[in-house]
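query18.cif (mmCIF, N, CA and C atoms and all ligand atoms)
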data_structure
loop_
_atom_site.group_PDB
_atom_site.id
_atom_site.type_symbol
_atom_site.label_atom_id
_atom_site.label_comp_id
_atom_site.auth_asym_id
_atom_site.auth_seq_id
_atom_site.Cartn_x
_atom_site.Cartn_y
_atom_site.Cartn_z
ATOM 1 N N MET Y 844 3.506 -13.620 10.920
ATOM 2 C CA MET Y 844 3.491 -12.170 11.093
ATOM 3 C C MET Y 844 3.114 -11.516 9.762
ATOM 4 N N GLN Y 845 2.143 -10.623 9.811
ATOM 5 C CA GLN Y 845 1.700 -9.953 8.591
ATOM 6 C C GLN Y 845 1.843 -8.452 8.729
ATOM 7 N N HIS Y 846 2.207 -7.823 7.647
ATOM 8 C CA HIS Y 846 2.319 -6.373 7.631
ATOM 9 C C HIS Y 846 1.234 -5.785 6.744
ATOM 10 N N GLY Y 847 0.893 -4.565 7.049
ATOM 11 C CA GLY Y 847 -0.138 -3.918 6.244
ATOM 12 C C GLY Y 847 -0.173 -2.430 6.483
ATOM 13 N N TYR Y 848 -1.206 -1.808 5.932
ATOM 14 C CA TYR Y 848 -1.412 -0.370 6.105
ATOM 15 C C TYR Y 848 -2.611 -0.144 6.996
ATOM 16 N N LYS Y 849 -2.495 0.899 7.799
ATOM 17 C CA LYS Y 849 -3.646 1.320 8.568
ATOM 18 C C LYS Y 849 -3.859 2.808 8.326
ATOM 19 N N CYS Y 850 -5.127 3.177 8.106
ATOM 20 C CA CYS Y 850 -5.461 4.587 7.994
ATOM 21 C C CYS Y 850 -5.902 5.073 9.369
ATOM 22 N N GLU Y 851 -5.171 6.028 9.886
ATOM 23 C CA GLU Y 851 -5.483 6.523 11.229
ATOM 24 C C GLU Y 851 -6.727 7.410 11.232
ATOM 25 N N ASP Y 852 -7.083 7.944 10.079
ATOM 26 C CA ASP Y 852 -8.281 8.783 10.002
ATOM 27 C C ASP Y 852 -9.548 7.929 9.977
ATOM 28 N N CYS Y 853 -9.509 6.829 9.232
ATOM 29 C CA CYS Y 853 -10.705 5.992 9.063
ATOM 30 C C CYS Y 853 -10.707 4.789 9.997
ATOM 31 N N GLU Y 854 -9.577 4.513 10.644
ATOM 32 C CA GLU Y 854 -9.478 3.350 11.540
ATOM 33 C C GLU Y 854 -9.704 2.038 10.792
ATOM 34 N N THR Y 855 -9.242 1.978 9.530
ATOM 35 C CA THR Y 855 -9.331 0.717 8.803
ATOM 36 C C THR Y 855 -7.920 0.284 8.416
ATOM 37 N N ALA Y 856 -7.748 -1.013 8.218
ATOM 38 C CA ALA Y 856 -6.436 -1.545 7.864
ATOM 39 C C ALA Y 856 -6.584 -2.668 6.847
ATOM 40 N N ILE Y 857 -5.520 -2.856 6.056
ATOM 41 C CA ILE Y 857 -5.445 -4.046 5.212
ATOM 42 C C ILE Y 857 -4.090 -4.690 5.449
ATOM 43 N N PHE Y 858 -4.051 -6.001 5.292
ATOM 44 C CA PHE Y 858 -2.800 -6.734 5.458
ATOM 45 C C PHE Y 858 -2.425 -7.370 4.144
ATOM 46 N N LEU Y 859 -1.128 -7.250 3.795
ATOM 47 C CA LEU Y 859 -0.671 -7.651 2.477
ATOM 48 C C LEU Y 859 0.500 -8.623 2.585
ATOM 49 N N ALA Y 860 0.644 -9.464 1.575
ATOM 50 C CA ALA Y 860 1.676 -10.498 1.585
ATOM 51 C C ALA Y 860 3.025 -9.938 1.164
ATOM 52 N N THR Y 861 3.587 -9.078 2.001
ATOM 53 C CA THR Y 861 4.907 -8.539 1.720
ATOM 54 C C THR Y 861 5.546 -8.033 3.013
ATOM 55 N N THR Y 862 6.731 -7.467 2.881
ATOM 56 C CA THR Y 862 7.474 -7.048 4.069
ATOM 57 C C THR Y 862 7.187 -5.591 4.437
ATOM 58 N N ARG Y 863 7.584 -5.254 5.656
ATOM 59 C CA ARG Y 863 7.428 -3.893 6.144
ATOM 60 C C ARG Y 863 8.207 -2.891 5.273
ATOM 61 N N THR Y 864 9.406 -3.315 4.867
ATOM 62 C CA THR Y 864 10.262 -2.459 4.034
ATOM 63 C C THR Y 864 9.567 -2.122 2.712
ATOM 64 N N GLU Y 865 8.979 -3.143 2.089
ATOM 65 C CA GLU Y 865 8.298 -2.946 0.812
ATOM 66 C C GLU Y 865 7.100 -2.022 0.972
ATOM 67 N N LEU Y 866 6.392 -2.170 2.076
ATOM 68 C CA LEU Y 866 5.212 -1.341 2.312
ATOM 69 C C LEU Y 866 5.588 0.125 2.526
ATOM 70 N N SER Y 867 6.668 0.351 3.276
ATOM 71 C CA SER Y 867 7.138 1.728 3.488
ATOM 72 C C SER Y 867 7.564 2.329 2.164
ATOM 73 N N TRP Y 868 8.260 1.518 1.377
ATOM 74 C CA TRP Y 868 8.726 1.970 0.069
ATOM 75 C C TRP Y 868 7.540 2.397 -0.797
ATOM 76 N N LEU Y 869 6.530 1.552 -0.858
ATOM 77 C CA LEU Y 869 5.369 1.831 -1.706
ATOM 78 C C LEU Y 869 4.609 3.068 -1.228
ATOM 79 N N ARG Y 870 4.484 3.191 0.090
ATOM 80 C CA ARG Y 870 3.745 4.334 0.627
ATOM 81 C C ARG Y 870 4.438 5.644 0.254
ATOM 82 N N ASP Y 871 5.773 5.653 0.338
ATOM 83 C CA ASP Y 871 6.518 6.877 0.050
ATOM 84 C C ASP Y 871 6.633 7.162 -1.435
ATOM 85 N N ARG Y 872 6.399 6.126 -2.251
ATOM 86 C CA ARG Y 872 6.557 6.306 -3.699
ATOM 87 C C ARG Y 872 5.318 5.896 -4.472
ATOM 88 N N ALA Y 873 4.179 6.086 -3.873
ATOM 89 C CA ALA Y 873 2.913 5.676 -4.508
ATOM 90 C C ALA Y 873 2.735 6.331 -5.874
ATOM 91 N N HIS Y 874 3.161 7.600 -5.986
ATOM 92 C CA HIS Y 874 2.984 8.301 -7.261
ATOM 93 C C HIS Y 874 3.817 7.655 -8.367
ATOM 94 N N VAL Y 875 5.004 7.153 -8.008
ATOM 95 C CA VAL Y 875 5.862 6.469 -8.982
ATOM 96 C C VAL Y 875 5.242 5.126 -9.376
ATOM 97 N N ALA Y 876 4.792 4.388 -8.375
ATOM 98 C CA ALA Y 876 4.220 3.065 -8.620
ATOM 99 C C ALA Y 876 2.963 3.155 -9.490
ATOM 100 N N ARG Y 877 2.179 4.225 -9.306
ATOM 101 C CA ARG Y 877 0.975 4.411 -10.130
ATOM 102 C C ARG Y 877 1.342 4.585 -11.592
ATOM 103 N N GLU Y 878 2.422 5.333 -11.848
ATOM 104 C CA GLU Y 878 2.877 5.535 -13.225
ATOM 105 C C GLU Y 878 3.337 4.220 -13.830
ATOM 106 N N VAL Y 879 4.092 3.451 -13.046
ATOM 107 C CA VAL Y 879 4.578 2.154 -13.522
ATOM 108 C C VAL Y 879 3.391 1.250 -13.849
ATOM 109 N N ALA Y 880 2.388 1.255 -12.989
ATOM 110 C CA ALA Y 880 1.208 0.408 -13.192
ATOM 111 C C ALA Y 880 0.504 0.765 -14.499
ATOM 112 N N LYS Y 881 0.431 2.057 -14.792
ATOM 113 C CA LYS Y 881 -0.250 2.528 -16.006
ATOM 114 C C LYS Y 881 0.444 2.026 -17.259
ATOM 115 N N HIS Y 882 1.783 1.955 -17.219
ATOM 116 C CA HIS Y 882 2.534 1.664 -18.422
ATOM 117 C C HIS Y 882 3.017 0.218 -18.514
ATOM 118 N N SER Y 883 2.722 -0.585 -17.512
ATOM 119 C CA SER Y 883 3.179 -1.966 -17.586
ATOM 120 C C SER Y 883 2.009 -2.883 -17.919
ATOM 121 N N SER Y 884 2.168 -3.643 -19.020
ATOM 122 C CA SER Y 884 1.070 -4.481 -19.492
ATOM 123 C C SER Y 884 0.864 -5.681 -18.579
ATOM 124 N N GLY Y 885 1.953 -6.144 -17.984
ATOM 125 C CA GLY Y 885 1.843 -7.307 -17.110
ATOM 126 C C GLY Y 885 1.262 -6.976 -15.753
ATOM 127 N N GLY Y 886 1.194 -5.674 -15.457
ATOM 128 C CA GLY Y 886 0.663 -5.274 -14.160
ATOM 129 C C GLY Y 886 1.690 -5.467 -13.069
ATOM 130 N N LEU Y 887 1.307 -5.121 -11.876
ATOM 131 C CA LEU Y 887 2.201 -5.215 -10.728
ATOM 132 C C LEU Y 887 1.847 -6.439 -9.898
ATOM 133 N N ASP Y 888 2.668 -6.707 -8.898
ATOM 134 C CA ASP Y 888 2.350 -7.785 -7.969
ATOM 135 C C ASP Y 888 1.017 -7.487 -7.290
ATOM 136 N N THR Y 889 0.349 -8.540 -6.888
ATOM 137 C CA THR Y 889 -0.972 -8.399 -6.265
ATOM 138 C C THR Y 889 -0.932 -7.495 -5.037
ATOM 139 N N TRP Y 890 0.073 -7.686 -4.185
ATOM 140 C CA TRP Y 890 0.139 -6.874 -2.960
ATOM 141 C C TRP Y 890 0.291 -5.400 -3.291
ATOM 142 N N MET Y 891 0.990 -5.135 -4.419
ATOM 143 C CA MET Y 891 1.225 -3.752 -4.816
ATOM 144 C C MET Y 891 -0.060 -3.112 -5.340
ATOM 145 N N MET Y 892 -0.805 -3.868 -6.130
ATOM 146 C CA MET Y 892 -2.078 -3.371 -6.647
ATOM 147 C C MET Y 892 -3.044 -3.083 -5.494
ATOM 148 N N ASP Y 893 -3.135 -4.044 -4.582
ATOM 149 C CA ASP Y 893 -4.041 -3.881 -3.433
ATOM 150 C C ASP Y 893 -3.591 -2.734 -2.543
ATOM 151 N N GLY Y 894 -2.286 -2.622 -2.375
ATOM 152 C CA GLY Y 894 -1.747 -1.554 -1.549
ATOM 153 C C GLY Y 894 -2.013 -0.180 -2.154
ATOM 154 N N LEU Y 895 -1.818 -0.091 -3.476
ATOM 155 C CA LEU Y 895 -2.058 1.184 -4.161
ATOM 156 C C LEU Y 895 -3.524 1.586 -4.082
ATOM 157 N N GLU Y 896 -4.391 0.585 -4.199
ATOM 158 C CA GLU Y 896 -5.822 0.859 -4.124
ATOM 159 C C GLU Y 896 -6.167 1.455 -2.754
ATOM 160 N N PHE Y 897 -5.588 0.880 -1.715
ATOM 161 C CA PHE Y 897 -5.814 1.393 -0.363
ATOM 162 C C PHE Y 897 -5.282 2.823 -0.234
ATOM 163 N N LEU Y 898 -4.075 3.051 -0.753
ATOM 164 C CA LEU Y 898 -3.471 4.386 -0.683
ATOM 165 C C LEU Y 898 -4.307 5.409 -1.472
ATOM 166 N N ASN Y 899 -4.869 4.963 -2.597
ATOM 167 C CA ASN Y 899 -5.734 5.850 -3.393
ATOM 168 C C ASN Y 899 -6.988 6.227 -2.621
ATOM 169 N N ASP Y 900 -7.571 5.219 -1.978
ATOM 170 C CA ASP Y 900 -8.806 5.443 -1.222
ATOM 171 C C ASP Y 900 -8.583 6.397 -0.050
ATOM 172 N N HIS Y 901 -7.342 6.465 0.435
ATOM 173 C CA HIS Y 901 -7.074 7.251 1.640
ATOM 174 C C HIS Y 901 -6.065 8.359 1.388
ATOM 175 N N GLN Y 902 -6.101 8.919 0.185
ATOM 176 C CA GLN Y 902 -5.187 10.019 -0.133
ATOM 177 C C GLN Y 902 -5.414 11.194 0.806
ATOM 178 N N GLY Y 903 -4.327 11.726 1.332
ATOM 179 C CA GLY Y 903 -4.424 12.861 2.241
ATOM 180 C C GLY Y 903 -4.669 12.448 3.684
ATOM 181 N N HIS Y 904 -4.895 11.153 3.910
ATOM 182 C CA HIS Y 904 -5.063 10.645 5.273
ATOM 183 C C HIS Y 904 -3.721 10.215 5.832
ATOM 184 N N SER Y 905 -3.724 9.918 7.130
ATOM 185 C CA SER Y 905 -2.488 9.502 7.770
ATOM 186 C C SER Y 905 -2.386 7.970 7.738
ATOM 187 N N ILE Y 906 -1.472 7.466 6.886
ATOM 188 C CA ILE Y 906 -1.308 6.016 6.708
ATOM 189 C C ILE Y 906 -0.043 5.553 7.451
ATOM 190 N N VAL Y 907 -0.208 4.520 8.263
ATOM 191 C CA VAL Y 907 0.951 3.958 8.945
ATOM 192 C C VAL Y 907 1.091 2.481 8.565
ATOM 193 N N VAL Y 908 2.337 1.985 8.626
ATOM 194 C CA VAL Y 908 2.581 0.563 8.374
ATOM 195 C C VAL Y 908 2.415 -0.172 9.707
ATOM 196 N N VAL Y 909 1.593 -1.202 9.705
ATOM 197 C CA VAL Y 909 1.311 -1.918 10.946
ATOM 198 C C VAL Y 909 1.681 -3.392 10.814
ATOM 199 N N VAL Y 910 1.777 -4.053 11.953
ATOM 200 C CA VAL Y 910 2.102 -5.477 11.964
ATOM 201 C C VAL Y 910 1.079 -6.212 12.809
ATOM 202 N N ARG Y 911 0.782 -7.446 12.387
ATOM 203 C CA ARG Y 911 -0.179 -8.272 13.119
ATOM 204 C C ARG Y 911 0.465 -9.656 13.302
ATOM 205 N N ARG Y 912 0.403 -10.189 14.493
ATOM 206 C CA ARG Y 912 0.996 -11.496 14.781
ATOM 207 C C ARG Y 912 -0.047 -12.596 14.859
HETATM 208 ZN ZN ZN N 1001 -8.680 6.980 5.439
#

For the structure just supplied, provide its representation as structure tokens.
Amino acid sequence: MQHGYKCEDCETAIFLATTRTELSWLRDRAHVAREVAKHSSGGLDTWMMDGLEFLNDHQGHSIVVVVRR
């Protein structure tokens, strides 16, 4: 089972190696995570970087957390 983000405006989705809870958390706190990413030399987990990139690309769109079996 994989979880990911789907943009309802663009009808595109990505699936990431993490849980639904983590994805909801990141979506609601993307602005915080972006700040952390800027100031952390080690960077963030891969799923977080990829997730943030998706959220950046779809700012102002309707993003939902989806699951694929
Ligand atoms: Zn979009």

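Between CA of Gly885 in chain Y and CA of His904 in chain Y there is a distance of 29.5 Å.
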
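Residues of protein, DNA or RNA having any atom at most 8 Å from ligand ZN 1001 (chain N), counting all atoms listed in the file, are Lys849, Cys850, Glu851, Asp852, Cys853, Glu854, Thr855, Phe897, Asp900, His901, Gln902, Gly903, His904, Ser905 and Ile906 of chain Y.
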
Based on DSSP run over this structure's backbone, return all residues of chain Y in helix (DSSP H, G or I), as a PDB file with N, CA and C atoms, keeping the file's coordinate frame.
ATOM      1  N   ARG Y 863       7.584  -5.254   5.656  1.00  0.00           N
ATOM      2  CA  ARG Y 863       7.428  -3.893   6.144  1.00  0.00           C
ATOM      3  C   ARG Y 863       8.207  -2.891   5.273  1.00  0.00           C
ATOM      4  N   THR Y 864       9.406  -3.315   4.867  1.00  0.00           N
ATOM      5  CA  THR Y 864      10.262  -2.459   4.034  1.00  0.00           C
ATOM      6  C   THR Y 864       9.567  -2.122   2.712  1.00  0.00           C
ATOM      7  N   GLU Y 865       8.979  -3.143   2.089  1.00  0.00           N
ATOM      8  CA  GLU Y 865       8.298  -2.946   0.812  1.00  0.00           C
ATOM      9  C   GLU Y 865       7.100  -2.022   0.972  1.00  0.00           C
ATOM     10  N   LEU Y 866       6.392  -2.170   2.076  1.00  0.00           N
ATOM     11  CA  LEU Y 866       5.212  -1.341   2.312  1.00  0.00           C
ATOM     12  C   LEU Y 866       5.588   0.125   2.526  1.00  0.00           C
ATOM     13  N   SER Y 867       6.668   0.351   3.276  1.00  0.00           N
ATOM     14  CA  SER Y 867       7.138   1.728   3.488  1.00  0.00           C
ATOM     15  C   SER Y 867       7.564   2.329   2.164  1.00  0.00           C
ATOM     16  N   TRP Y 868       8.260   1.518   1.377  1.00  0.00           N
ATOM     17  CA  TRP Y 868       8.726   1.970   0.069  1.00  0.00           C
ATOM     18  C   TRP Y 868       7.540   2.397  -0.797  1.00  0.00           C
ATOM     19  N   LEU Y 869       6.530   1.552  -0.858  1.00  0.00           N
ATOM     20  CA  LEU Y 869       5.369   1.831  -1.706  1.00  0.00           C
ATOM     21  C   LEU Y 869       4.609   3.068  -1.228  1.00  0.00           C
ATOM     22  N   ARG Y 870       4.484   3.191   0.090  1.00  0.00           N
ATOM     23  CA  ARG Y 870       3.745   4.334   0.627  1.00  0.00           C
ATOM     24  C   ARG Y 870       4.438   5.644   0.254  1.00  0.00           C
ATOM     25  N   ASP Y 871       5.773   5.653   0.338  1.00  0.00           N
ATOM     26  CA  ASP Y 871       6.518   6.877   0.050  1.00  0.00           C
ATOM     27  C   ASP Y 871       6.633   7.162  -1.435  1.00  0.00           C
ATOM     28  N   ALA Y 873       4.179   6.086  -3.873  1.00  0.00           N
ATOM     29  CA  ALA Y 873       2.913   5.676  -4.508  1.00  0.00           C
ATOM     30  C   ALA Y 873       2.735   6.331  -5.874  1.00  0.00           C
ATOM     31  N   HIS Y 874       3.161   7.600  -5.986  1.00  0.00           N
ATOM     32  CA  HIS Y 874       2.984   8.301  -7.261  1.00  0.00           C
ATOM     33  C   HIS Y 874       3.817   7.655  -8.367  1.00  0.00           C
ATOM     34  N   VAL Y 875       5.004   7.153  -8.008  1.00  0.00           N
ATOM     35  CA  VAL Y 875       5.862   6.469  -8.982  1.00  0.00           C
ATOM     36  C   VAL Y 875       5.242   5.126  -9.376  1.00  0.00           C
ATOM     37  N   ALA Y 876       4.792   4.388  -8.375  1.00  0.00           N
ATOM     38  CA  ALA Y 876       4.220   3.065  -8.620  1.00  0.00           C
ATOM     39  C   ALA Y 876       2.963   3.155  -9.490  1.00  0.00           C
ATOM     40  N   ARG Y 877       2.179   4.225  -9.306  1.00  0.00           N
ATOM     41  CA  ARG Y 877       0.975   4.411 -10.130  1.00  0.00           C
ATOM     42  C   ARG Y 877       1.342   4.585 -11.592  1.00  0.00           C
ATOM     43  N   GLU Y 878       2.422   5.333 -11.848  1.00  0.00           N
ATOM     44  CA  GLU Y 878       2.877   5.535 -13.225  1.00  0.00           C
ATOM     45  C   GLU Y 878       3.337   4.220 -13.830  1.00  0.00           C
ATOM     46  N   VAL Y 879       4.092   3.451 -13.046  1.00  0.00           N
ATOM     47  CA  VAL Y 879       4.578   2.154 -13.522  1.00  0.00           C
ATOM     48  C   VAL Y 879       3.391   1.250 -13.849  1.00  0.00           C
ATOM     49  N   ALA Y 880       2.388   1.255 -12.989  1.00  0.00           N
ATOM     50  CA  ALA Y 880       1.208   0.408 -13.192  1.00  0.00           C
ATOM     51  C   ALA Y 880       0.504   0.765 -14.499  1.00  0.00           C
ATOM     52  N   LYS Y 881       0.431   2.057 -14.792  1.00  0.00           N
ATOM     53  CA  LYS Y 881      -0.250   2.528 -16.006  1.00  0.00           C
ATOM     54  C   LYS Y 881       0.444   2.026 -17.259  1.00  0.00           C
ATOM     55  N   HIS Y 882       1.783   1.955 -17.219  1.00  0.00           N
ATOM     56  CA  HIS Y 882       2.534   1.664 -18.422  1.00  0.00           C
ATOM     57  C   HIS Y 882       3.017   0.218 -18.514  1.00  0.00           C
ATOM     58  N   THR Y 889       0.349  -8.540  -6.888  1.00  0.00           N
ATOM     59  CA  THR Y 889      -0.972  -8.399  -6.265  1.00  0.00           C
ATOM     60  C   THR Y 889      -0.932  -7.495  -5.037  1.00  0.00           C
ATOM     61  N   TRP Y 890       0.073  -7.686  -4.185  1.00  0.00           N
ATOM     62  CA  TRP Y 890       0.139  -6.874  -2.960  1.00  0.00           C
ATOM     63  C   TRP Y 890       0.291  -5.400  -3.291  1.00  0.00           C
ATOM     64  N   MET Y 891       0.990  -5.135  -4.419  1.00  0.00           N
ATOM     65  CA  MET Y 891       1.225  -3.752  -4.816  1.00  0.00           C
ATOM     66  C   MET Y 891      -0.060  -3.112  -5.340  1.00  0.00           C
ATOM     67  N   MET Y 892      -0.805  -3.868  -6.130  1.00  0.00           N
ATOM     68  CA  MET Y 892      -2.078  -3.371  -6.647  1.00  0.00           C
ATOM     69  C   MET Y 892      -3.044  -3.083  -5.494  1.00  0.00           C
ATOM     70  N   ASP Y 893      -3.135  -4.044  -4.582  1.00  0.00           N
ATOM     71  CA  ASP Y 893      -4.041  -3.881  -3.433  1.00  0.00           C
ATOM     72  C   ASP Y 893      -3.591  -2.734  -2.543  1.00  0.00           C
ATOM     73  N   GLY Y 894      -2.286  -2.622  -2.375  1.00  0.00           N
ATOM     74  CA  GLY Y 894      -1.747  -1.554  -1.549  1.00  0.00           C
ATOM     75  C   GLY Y 894      -2.013  -0.180  -2.154  1.00  0.00           C
ATOM     76  N   LEU Y 895      -1.818  -0.091  -3.476  1.00  0.00           N
ATOM     77  CA  LEU Y 895      -2.058   1.184  -4.161  1.00  0.00           C
ATOM     78  C   LEU Y 895      -3.524   1.586  -4.082  1.00  0.00           C
ATOM     79  N   GLU Y 896      -4.391   0.585  -4.199  1.00  0.00           N
ATOM     80  CA  GLU Y 896      -5.822   0.859  -4.124  1.00  0.00           C
ATOM     81  C   GLU Y 896      -6.167   1.455  -2.754  1.00  0.00           C
ATOM     82  N   PHE Y 897      -5.588   0.880  -1.715  1.00  0.00           N
ATOM     83  CA  PHE Y 897      -5.814   1.393  -0.363  1.00  0.00           C
ATOM     84  C   PHE Y 897      -5.282   2.823  -0.234  1.00  0.00           C
ATOM     85  N   LEU Y 898      -4.075   3.051  -0.753  1.00  0.00           N
ATOM     86  CA  LEU Y 898      -3.471   4.386  -0.683  1.00  0.00           C
ATOM     87  C   LEU Y 898      -4.307   5.409  -1.472  1.00  0.00           C
ATOM     88  N   ASN Y 899      -4.869   4.963  -2.597  1.00  0.00           N
ATOM     89  CA  ASN Y 899      -5.734   5.850  -3.393  1.00  0.00           C
ATOM     90  C   ASN Y 899      -6.988   6.227  -2.621  1.00  0.00           C
ATOM     91  N   ASP Y 900      -7.571   5.219  -1.978  1.00  0.00           N
ATOM     92  CA  ASP Y 900      -8.806   5.443  -1.222  1.00  0.00           C
ATOM     93  C   ASP Y 900      -8.583   6.397  -0.050  1.00  0.00           C
TER      94      ASP Y 900
END

### Message
What would the selection look like, as a list in words, if the PyMOL selection byres (((chain Y and resi 845) around 6) and not hetatm) were run on the coordinates I just shared?
### Response
Met844, His846, Gly847, Phe858, Leu859, Val909, Val910, Arg911 and Arg912 of chain Y

Mind writing the picked residues with N, CA and C atoms as a JSON list (two decimals), keeping the file's coordinate frame?
[["chain", "number", "residue", "atom", "x", "y", "z"],
["Y", 844, "MET", "N", 3.51, -13.62, 10.92],
["Y", 844, "MET", "CA", 3.49, -12.17, 11.09],
["Y", 844, "MET", "C", 3.11, -11.52, 9.76],
["Y", 846, "HIS", "N", 2.21, -7.82, 7.65],
["Y", 846, "HIS", "CA", 2.32, -6.37, 7.63],
["Y", 846, "HIS", "C", 1.23, -5.78, 6.74],
["Y", 847, "GLY", "N", 0.89, -4.57, 7.05],
["Y", 847, "GLY", "CA", -0.14, -3.92, 6.24],
["Y", 847, "GLY", "C", -0.17, -2.43, 6.48],
["Y", 858, "PHE", "N", -4.05, -6.00, 5.29],
["Y", 858, "PHE", "CA", -2.80, -6.73, 5.46],
["Y", 858, "PHE", "C", -2.42, -7.37, 4.14],
["Y", 859, "LEU", "N", -1.13, -7.25, 3.80],
["Y", 859, "LEU", "CA", -0.67, -7.65, 2.48],
["Y", 859, "LEU", "C", 0.50, -8.62, 2.58],
["Y", 909, "VAL", "N", 1.59, -1.20, 9.70],
["Y", 909, "VAL", "CA", 1.31, -1.92, 10.95],
["Y", 909, "VAL", "C", 1.68, -3.39, 10.81],
["Y", 910, "VAL", "N", 1.78, -4.05, 11.95],
["Y", 910, "VAL", "CA", 2.10, -5.48, 11.96],
["Y", 910, "VAL", "C", 1.08, -6.21, 12.81],
["Y", 911, "ARG", "N", 0.78, -7.45, 12.39],
["Y", 911, "ARG", "CA", -0.18, -8.27, 13.12],
["Y", 911, "ARG", "C", 0.46, -9.66, 13.30],
["Y", 912, "ARG", "N", 0.40, -10.19, 14.49],
["Y", 912, "ARG", "CA", 1.00, -11.50, 14.78],
["Y", 912, "ARG", "C", -0.05, -12.60, 14.86]]

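Considering only chain Y, backbone DSSP assigns strand (DSSP E) to Gln845, His846, Gly847, Tyr848, Lys849, Cys850, Thr855, Ala856, Ile857, Phe858, Leu859, Ile906, Val907, Val908, Val909, Val910 and Arg911 of chain Y.
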
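What the PyMOL selection byres (((chain Y and resi 892 and name CA) around 12) and not hetatm and name CA) matches in the given file is Leu859, Ala860, Leu866, Leu869, Ala873, Ala876, Arg877, Val879, Ala880, Lys881, Gly885, Gly886, Leu887, Asp888, Thr889, Trp890, Met891, Asp893, Gly894, Leu895, Glu896, Phe897, Leu898 and Asn899 of chain Y.
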
I need the residues from that last selection saved to file as an mmCIF file, in the frame of the given file (with N, CA and C atoms), if you can.
data_model
loop_
_atom_site.group_PDB
_atom_site.id
_atom_site.type_symbol
_atom_site.label_atom_id
_atom_site.label_comp_id
_atom_site.auth_asym_id
_atom_site.auth_seq_id
_atom_site.Cartn_x
_atom_site.Cartn_y
_atom_site.Cartn_z
ATOM 1 N N LEU Y 859 -1.128 -7.250 3.795
ATOM 2 C CA LEU Y 859 -0.671 -7.651 2.477
ATOM 3 C C LEU Y 859 0.500 -8.623 2.585
ATOM 4 N N ALA Y 860 0.644 -9.464 1.575
ATOM 5 C CA ALA Y 860 1.676 -10.498 1.585
ATOM 6 C C ALA Y 860 3.025 -9.938 1.164
ATOM 7 N N LEU Y 866 6.392 -2.170 2.076
ATOM 8 C CA LEU Y 866 5.212 -1.341 2.312
ATOM 9 C C LEU Y 866 5.588 0.125 2.526
ATOM 10 N N LEU Y 869 6.530 1.552 -0.858
ATOM 11 C CA LEU Y 869 5.369 1.831 -1.706
ATOM 12 C C LEU Y 869 4.609 3.068 -1.228
ATOM 13 N N ALA Y 873 4.179 6.086 -3.873
ATOM 14 C CA ALA Y 873 2.913 5.676 -4.508
ATOM 15 C C ALA Y 873 2.735 6.331 -5.874
ATOM 16 N N ALA Y 876 4.792 4.388 -8.375
ATOM 17 C CA ALA Y 876 4.220 3.065 -8.620
ATOM 18 C C ALA Y 876 2.963 3.155 -9.490
ATOM 19 N N ARG Y 877 2.179 4.225 -9.306
ATOM 20 C CA ARG Y 877 0.975 4.411 -10.130
ATOM 21 C C ARG Y 877 1.342 4.585 -11.592
ATOM 22 N N VAL Y 879 4.092 3.451 -13.046
ATOM 23 C CA VAL Y 879 4.578 2.154 -13.522
ATOM 24 C C VAL Y 879 3.391 1.250 -13.849
ATOM 25 N N ALA Y 880 2.388 1.255 -12.989
ATOM 26 C CA ALA Y 880 1.208 0.408 -13.192
ATOM 27 C C ALA Y 880 0.504 0.765 -14.499
ATOM 28 N N LYS Y 881 0.431 2.057 -14.792
ATOM 29 C CA LYS Y 881 -0.250 2.528 -16.006
ATOM 30 C C LYS Y 881 0.444 2.026 -17.259
ATOM 31 N N GLY Y 885 1.953 -6.144 -17.984
ATOM 32 C CA GLY Y 885 1.843 -7.307 -17.110
ATOM 33 C C GLY Y 885 1.262 -6.976 -15.753
ATOM 34 N N GLY Y 886 1.194 -5.674 -15.457
ATOM 35 C CA GLY Y 886 0.663 -5.274 -14.160
ATOM 36 C C GLY Y 886 1.690 -5.467 -13.069
ATOM 37 N N LEU Y 887 1.307 -5.121 -11.876
ATOM 38 C CA LEU Y 887 2.201 -5.215 -10.728
ATOM 39 C C LEU Y 887 1.847 -6.439 -9.898
ATOM 40 N N ASP Y 888 2.668 -6.707 -8.898
ATOM 41 C CA ASP Y 888 2.350 -7.785 -7.969
ATOM 42 C C ASP Y 888 1.017 -7.487 -7.290
ATOM 43 N N THR Y 889 0.349 -8.540 -6.888
ATOM 44 C CA THR Y 889 -0.972 -8.399 -6.265
ATOM 45 C C THR Y 889 -0.932 -7.495 -5.037
ATOM 46 N N TRP Y 890 0.073 -7.686 -4.185
ATOM 47 C CA TRP Y 890 0.139 -6.874 -2.960
ATOM 48 C C TRP Y 890 0.291 -5.400 -3.291
ATOM 49 N N MET Y 891 0.990 -5.135 -4.419
ATOM 50 C CA MET Y 891 1.225 -3.752 -4.816
ATOM 51 C C MET Y 891 -0.060 -3.112 -5.340
ATOM 52 N N ASP Y 893 -3.135 -4.044 -4.582
ATOM 53 C CA ASP Y 893 -4.041 -3.881 -3.433
ATOM 54 C C ASP Y 893 -3.591 -2.734 -2.543
ATOM 55 N N GLY Y 894 -2.286 -2.622 -2.375
ATOM 56 C CA GLY Y 894 -1.747 -1.554 -1.549
ATOM 57 C C GLY Y 894 -2.013 -0.180 -2.154
ATOM 58 N N LEU Y 895 -1.818 -0.091 -3.476
ATOM 59 C CA LEU Y 895 -2.058 1.184 -4.161
ATOM 60 C C LEU Y 895 -3.524 1.586 -4.082
ATOM 61 N N GLU Y 896 -4.391 0.585 -4.199
ATOM 62 C CA GLU Y 896 -5.822 0.859 -4.124
ATOM 63 C C GLU Y 896 -6.167 1.455 -2.754
ATOM 64 N N PHE Y 897 -5.588 0.880 -1.715
ATOM 65 C CA PHE Y 897 -5.814 1.393 -0.363
ATOM 66 C C PHE Y 897 -5.282 2.823 -0.234
ATOM 67 N N LEU Y 898 -4.075 3.051 -0.753
ATOM 68 C CA LEU Y 898 -3.471 4.386 -0.683
ATOM 69 C C LEU Y 898 -4.307 5.409 -1.472
ATOM 70 N N ASN Y 899 -4.869 4.963 -2.597
ATOM 71 C CA ASN Y 899 -5.734 5.850 -3.393
ATOM 72 C C ASN Y 899 -6.988 6.227 -2.621
#

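You will find atom C of Arg863 in chain Y at 7.8 Å from atom C of Val908 in chain Y.
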